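Engineer: This structure is in structure tokens; I'll ask about it shortly.
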Amino acid sequence: MQNFIVWMNPDREESAAAAAKLNGAVLTAHTDGAMAAIRRELKILGLGADLAIFAQTCEEFAKQANADMVCISSSNGDAVAAVTYLEDGYAGEGVSAVADMRYLMSAYRQYFNRPDKMVIFQVALQYLSDEDIAWIFRRHSNAIIEWQSNEGLGLYEFGFSLSDVLTDGCRHVLREVVTGWLHREILPELYNEQA
């Protein structure tokens, strides 16, 4: 996992708005590296991929800023965003479920500072795809199973029986367990982090 400062094109009028939308994004790996992942995210946000012209690690940015006294000036057209890039094969070691939820809820980023954001977060969970739910479970299965065990939650507490698992598979059960964990354990952290 690496954190980057992304420099936007100072000659483009929409750079500041693009930087604001991109800021805080958690990006999954791209075969061509961090810059390609940044451009992919800009496209997802409905922005021009060419708005991002340069990315440097936060460490490089701080070293340069301290040595050269680099400053960002909106009057010069400067606009930057901070992003987190998850390298390929990064299985989640050290990545919090909160960071994963920030990534999955990136479409809702503009609501993170609203007073009713907890309601928005809860509604957004309903729109997670089965693939998103499975991805969260793969990355945080130990924490989810530990939570379920500590809370004494079995299939019946989630409204299921063994017959449901055997006839329908695990998709619905997995969704209920993972979203239950996210509701009780992760969304409050995300809410407090964004406050």
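Chain labels A, B, ... are given in the sequence in which chains occur in the structure tokens; within each chain residues are numbered consecutively from 1, and ligands are likewise numbered from 1 in the order shown.
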Fewer than 6 positions away in the same chain doesn't count, so skip those; otherwise give me all residues within 12 Å of Ala99 in chain A, counting only C-alpha atoms, as number ranges by chain.
Structural biologist: A: 1, 24-28, 83-86, 92-93, 105-106, 136, 139-140, 186-187, 189-190, 193-194
Engineer: Go ahead and save the residues from that selection, with N, CA, C and O atoms, as a compact mmCIF listing (two decimals), in the first residue's frame.
Structural biologist:
# COMPACT_ATOMS: atom_id res chain seq x y z
N MET A 1 0.86 -1.17 0.00
CA MET A 1 0.00 0.00 0.00
C MET A 1 0.90 1.23 0.00
O MET A 1 1.86 1.30 0.75
N GLY A 24 -8.72 11.37 -1.55
CA GLY A 24 -9.13 10.36 -0.58
C GLY A 24 -9.45 9.01 -1.18
O GLY A 24 -9.80 8.08 -0.45
N ALA A 25 -9.35 8.88 -2.49
CA ALA A 25 -9.69 7.61 -3.14
C ALA A 25 -8.72 6.50 -2.72
O ALA A 25 -7.54 6.74 -2.51
N VAL A 26 -9.24 5.30 -2.61
CA VAL A 26 -8.43 4.10 -2.39
C VAL A 26 -8.50 3.32 -3.69
O VAL A 26 -9.57 2.89 -4.11
N LEU A 27 -7.35 3.15 -4.34
CA LEU A 27 -7.30 2.57 -5.68
C LEU A 27 -6.76 1.15 -5.64
O LEU A 27 -5.75 0.89 -5.00
N THR A 28 -7.44 0.28 -6.35
CA THR A 28 -6.93 -1.09 -6.46
C THR A 28 -5.85 -1.14 -7.54
O THR A 28 -5.74 -0.25 -8.37
N VAL A 83 -4.19 10.08 -2.72
CA VAL A 83 -4.85 8.80 -2.95
C VAL A 83 -4.02 7.69 -2.30
O VAL A 83 -2.84 7.85 -2.05
N THR A 84 -4.68 6.58 -2.03
CA THR A 84 -4.01 5.38 -1.53
C THR A 84 -4.08 4.33 -2.63
O THR A 84 -5.14 4.11 -3.21
N TYR A 85 -2.94 3.73 -2.92
CA TYR A 85 -2.85 2.73 -3.99
C TYR A 85 -2.50 1.38 -3.37
O TYR A 85 -1.51 1.24 -2.66
N LEU A 86 -3.35 0.38 -3.63
CA LEU A 86 -3.12 -0.97 -3.14
C LEU A 86 -2.43 -1.77 -4.23
O LEU A 86 -3.02 -2.02 -5.27
N GLY A 92 -4.59 -7.35 2.01
CA GLY A 92 -5.30 -6.66 3.08
C GLY A 92 -4.51 -6.55 4.35
O GLY A 92 -4.97 -5.98 5.32
N GLU A 93 -3.33 -7.12 4.41
CA GLU A 93 -2.51 -7.02 5.60
C GLU A 93 -2.29 -5.54 5.91
O GLU A 93 -1.70 -4.80 5.12
N MET A 105 -17.21 2.84 -1.35
CA MET A 105 -18.20 3.93 -1.30
C MET A 105 -17.68 5.21 -1.94
O MET A 105 -18.19 6.29 -1.67
N SER A 106 -16.68 5.08 -2.80
CA SER A 106 -16.10 6.29 -3.39
C SER A 106 -17.13 7.11 -4.16
O SER A 106 -17.01 8.33 -4.25
N ILE A 136 -14.95 -8.20 0.37
CA ILE A 136 -14.80 -7.79 1.79
C ILE A 136 -14.58 -9.03 2.66
O ILE A 136 -13.71 -9.03 3.54
N ARG A 139 -11.06 -10.47 2.34
CA ARG A 139 -10.03 -9.62 2.95
C ARG A 139 -10.13 -9.55 4.47
O ARG A 139 -9.13 -9.29 5.14
N HIS A 140 -11.32 -9.78 5.01
CA HIS A 140 -11.52 -9.57 6.46
C HIS A 140 -12.25 -10.74 7.12
O HIS A 140 -12.91 -10.56 8.14
N ILE A 186 -17.94 -1.48 11.36
CA ILE A 186 -17.13 -0.65 10.46
C ILE A 186 -17.75 0.71 10.18
O ILE A 186 -17.06 1.72 10.21
N LEU A 187 -19.06 0.76 9.91
CA LEU A 187 -19.68 2.06 9.61
C LEU A 187 -19.52 3.07 10.74
O LEU A 187 -19.25 4.24 10.46
N GLU A 189 -16.98 3.37 12.69
CA GLU A 189 -15.59 3.86 12.55
C GLU A 189 -15.48 4.81 11.36
O GLU A 189 -14.82 5.85 11.46
N LEU A 190 -16.08 4.45 10.24
CA LEU A 190 -16.06 5.31 9.06
C LEU A 190 -16.73 6.63 9.37
O LEU A 190 -16.23 7.69 9.00
N GLU A 193 -14.42 8.64 11.58
CA GLU A 193 -13.22 9.05 10.84
C GLU A 193 -13.53 10.27 9.97
O GLU A 193 -12.71 11.15 9.81
N GLN A 194 -14.73 10.31 9.40
CA GLN A 194 -15.08 11.38 8.48
C GLN A 194 -15.60 12.61 9.20
O GLN A 194 -15.84 13.64 8.60
Engineer: Please identify all polymer residues within 12 Å of range 47-63 of chain A, counting only C-alpha atoms, omitting same-chain residues fewer than 4 positions from it, and present them as a ChimeraX atom specification.
Structural biologist: /A:1-23,33-43,67-72,78-85
Engineer: So, counting only C-alpha atoms, which residue among A:Glu146, A:Asp32, A:Asp116, A:Asp132 is closest to Tyr103 in chain A?
Structural biologist: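 Closest to Tyr103 in chain A, using only C-alpha atoms: A:Asp132.
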Engineer: One number please: CA of Ser129 in chain A to CA of His183 in chain A, in Å, one decimal.
Structural biologist: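 Computing the Euclidean distance for CA of Ser129 in chain A and CA of His183 in chain A yields 15.9 Å.
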Engineer: Out of A:Phe121, A:His172, A:Tyr156, A:Ser163, which residue has the shortest atom-to-atom distance to Arg184 in chain A when counting only C-alpha atoms?
Structural biologist: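 So, comparing all the options, the nearest one is A:Phe121.
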Engineer: In terms of the shortest atom-to-atom distance over only C-alpha atoms, which of A:Gly46, A:Pro188, A:Gly152, A:Gly159 is closest to Leu174 in chain A?
Structural biologist: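 Of A:Gly46, A:Pro188, A:Gly152, A:Gly159, the one nearest Leu174 in chain A is A:Gly159, counting only C-alpha atoms.
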Engineer: Kindly give the distance, in Å, that separates CA of Val178 in chain A and CA of Ala29 in chain A, rounded to a single decimal.
Structural biologist: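 CA of Val178 in chain A sits 23.4 Å away from CA of Ala29 in chain A.
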Engineer: Between A:His30, A:Val119, A:Ala143, A:Phe137, which residue has the minimum interatomic distance to Thr179 in chain A, considering only C-alpha atoms?
Structural biologist: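 Comparing A:His30, A:Val119, A:Ala143, A:Phe137 against Thr179 in chain A, the winner is A:Phe137.
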Engineer: What gap, in Å, lies between CA of Phe158 in chain A and CA of Val98 in chain A?
Structural biologist: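 Going from CA of Phe158 in chain A over to CA of Val98 in chain A covers 22.9 Å.
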Engineer: Using the chain letters and numbers from this document, which residues of range 10-187 of chain A does DSSP assign to helix (DSSP H, G or I), as JSON, numbers by chain?
Structural biologist: {"A": [15, 16, 17, 18, 19, 20, 21, 22, 34, 35, 36, 37, 38, 39, 40, 41, 42, 43, 44, 49, 50, 51, 58, 59, 60, 61, 62, 63, 64, 65, 66, 67, 68, 74, 75, 76, 97, 98, 99, 100, 101, 102, 103, 104, 106, 107, 108, 109, 110, 111, 117, 118, 119, 120, 121, 122, 123, 124, 125, 130, 131, 132, 133, 134, 135, 136, 137, 138, 139, 140, 141, 142, 143, 144, 145, 146, 147, 148, 149, 150, 156, 157, 158, 162, 163, 164, 165, 166, 167, 168, 171, 172, 173, 174, 175, 176, 177, 178, 179, 180, 181, 182, 183, 184, 185, 186, 187]}
Engineer: Tell me which of A:Thr31, A:Trp135, A:Tyr191, A:Asp100 sits closest to Lys117 in chain A, counting only C-alpha atoms.
Structural biologist: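 Closest to Lys117 in chain A, using only C-alpha atoms: A:Tyr191.
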Engineer: Give me, as JSON, numbers by chain, all polymer residues having an atom no more than 12 Å from Glu157 in chain A, counting only C-alpha atoms and skipping those fewer than 5 positions away in the same chain.
Structural biologist: {"A": [148, 149, 151, 152, 173, 176, 177, 180]}
Engineer: Would you export the selected residues with C-alpha atoms as a CSV table (one decimal), in the first residue's frame, please?
Structural biologist:
chain,number,residue,atom,x,y,z
A,148,GLN,CA,-19.8,-13.4,14.8
A,149,SER,CA,-18.3,-15.8,17.4
A,151,GLU,CA,-21.5,-11.9,19.5
A,152,GLY,CA,-22.8,-15.5,19.6
A,173,VAL,CA,-26.1,-15.8,4.1
A,176,GLU,CA,-26.3,-10.8,5.7
A,177,VAL,CA,-23.3,-11.7,7.8
A,180,GLY,CA,-24.3,-7.1,9.7
